[in-house]
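**Student:** Quick one: the structure is below, questions incoming.
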Amino acid sequence: MLSNNKSISKWIGLSLLLIIPSFIYLFISKADNNFMKLSFVGPENHVIPEFSFVNQNNEIITNDDYRGNIYVANFFFTTCPTICPIMTYNMRVVQQRLSVYPNIKFLSHSINPKNDTPERLLDYANEMRANLMNWNFVTGEKESIYDIAKEYFVNAVEDSLAPGGFFHSEYFVLVDKEGKIRSGIDKKGNIVGVYDGTKDTDIKDLINDVKVLMAEYKRPKKDEK
């Protein structure tokens with residue numbers, strides 16, 4: 001009887017050695033197939049075009065300063081009496097929550113270049129306690145600012161009927177290292193596109209989606225061995 005028990009135990013052990021690797025392979029394959037990726041927003045191969053603006057330190061900021069980095073962009077103006085302070089505060093929250101991650105930056109475009117000089121932008125950034133290590137507040141020619149807003153698929157216009165004399169979208173836009181706009185999907189499977197910079201739920205989604213995008217870059221390519 002003892003001999004039979006030993007034989008059964010040995011058979012079970014050998015069976016497990018054969019079965020377990022198969023389960024591990026299936027698990028890894030399933031995980032690989034279910035790996036989350038963010039959607040691309042806009043027409044195929046759309047990228048943010050070349051730009052050149054001036055930041056709060058009176059430095060020229062171009063695509064080269066953001067290339068190779070994930071970044072979050074928005075539009076605002078310093079005398080905005082409504083949503084801008086909320087948006088700037090929430091951008092700061094995103095920055096703080098992602099502070100341990102490398103290769104991420106932030107870009108806030110003023111839509112009122114006549115008032116928002118580099119000096120004023122610096123004052124505003126300090127008032128809002130923004131960390132300027134990886135966050136630029138930029139200004140430039142009005143036409144260039146409004147044109148680049150269209151490339152982010154958001155609105156930015158001068159409007160005498162709007163509070164403060166300007167109208168702009170409340171959205172944050174997530175841009176990948178290649179300059180392409182990315183976003184997650186909602187519960188119905190629709191591409192989100194942009195994130196409402198005034199809503200806590202959207203801010204949480206943005207933070208999570210940035211992490212997903214970072215993980216996407218860390219994932220080995222299929223053709224890599």
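In the structure tokens, each chain is lettered A, B, ... as it comes, each chain's residues begin at 1, and ligands are numbered from 1 in order of appearance.
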Tell me which protein, DNA and RNA residues are within 9 Å of Asp116 (chain A), counting only C-alpha atoms, leaving out same-chain ones fewer than 4 positions away, and put them as a compact mmCIF listing (two decimals) with C-alpha atoms, in the first residue's frame.

**Tutor:**
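Output (part01.txt):
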```txt
# COMPACT_ATOMS: atom_id res chain seq x y z
CA PHE A 77 -5.89 83.37 -19.02
CA THR A 78 -4.74 84.95 -15.79
CA THR A 79 -7.68 87.35 -15.36
CA SER A 110 -2.59 81.87 -22.21
CA ILE A 111 -5.23 83.07 -24.66
CA ASN A 112 -4.80 86.72 -23.64
CA ARG A 120 2.48 88.24 -15.41
CA LEU A 121 2.59 84.52 -16.12
CA VAL A 138 3.28 80.27 -22.31
CA THR A 139 2.17 83.22 -24.39
```

**Student:** Set the distance at 9 Å and use only C-alpha atoms: which residues neighbour region 170-183 of chain A once local chain neighbours fewer than 3 positions away are removed? I'd like the list as a PyMOL selection string.

**Tutor:** chain A and resi 38-42+45-49+63+66-76+83-84+87+91+103+152-155+191-198+203+206+209-210+213

**Student:** Taking only region 136-178 of chain A into account, list the residues labelled strand (DSSP E or B) by DSSP (computed from the backbone), as a PyMOL selection string.

**Tutor:** chain A and resi 136-139+156-158+166-168+171-175

**Student:** Which one of A:Cys80, A:Val54, A:Val93, A:Ala215 sits closest to Ile145 (chain A) if you count only C-alpha atoms?

**Tutor:**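 Nearest to Ile145 (chain A): A:Val54.
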
**Student:** Please report, as number ranges by chain, each residue of region 2-191 of chain A to which DSSP assigns helix (DSSP H, G or I) when run on this structure's backbone.

**Tutor:** A: 2-33, 63-65, 84-97, 118-127, 142-151, 163-165

**Student:** Just give me the gap between CA of Leu98 (chain A) and CA of Ala156 (chain A) in Å, one decimal is fine.

**Tutor:**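 Between CA of Leu98 (chain A) and CA of Ala156 (chain A) the gap works out to 27.1 Å.
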
**Student:** Please provide the set of residues having any atom within 8 Å of Pro163 (chain A), restricted to only C-alpha atoms, with same-chain residues fewer than 2 positions apart removed, written as a list in words.

**Tutor:**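 Listing them by chain and then by number gives Cys80, Pro81, Thr82, Ser160, Leu161, Gly165, Phe166 and Phe167 of chain A.
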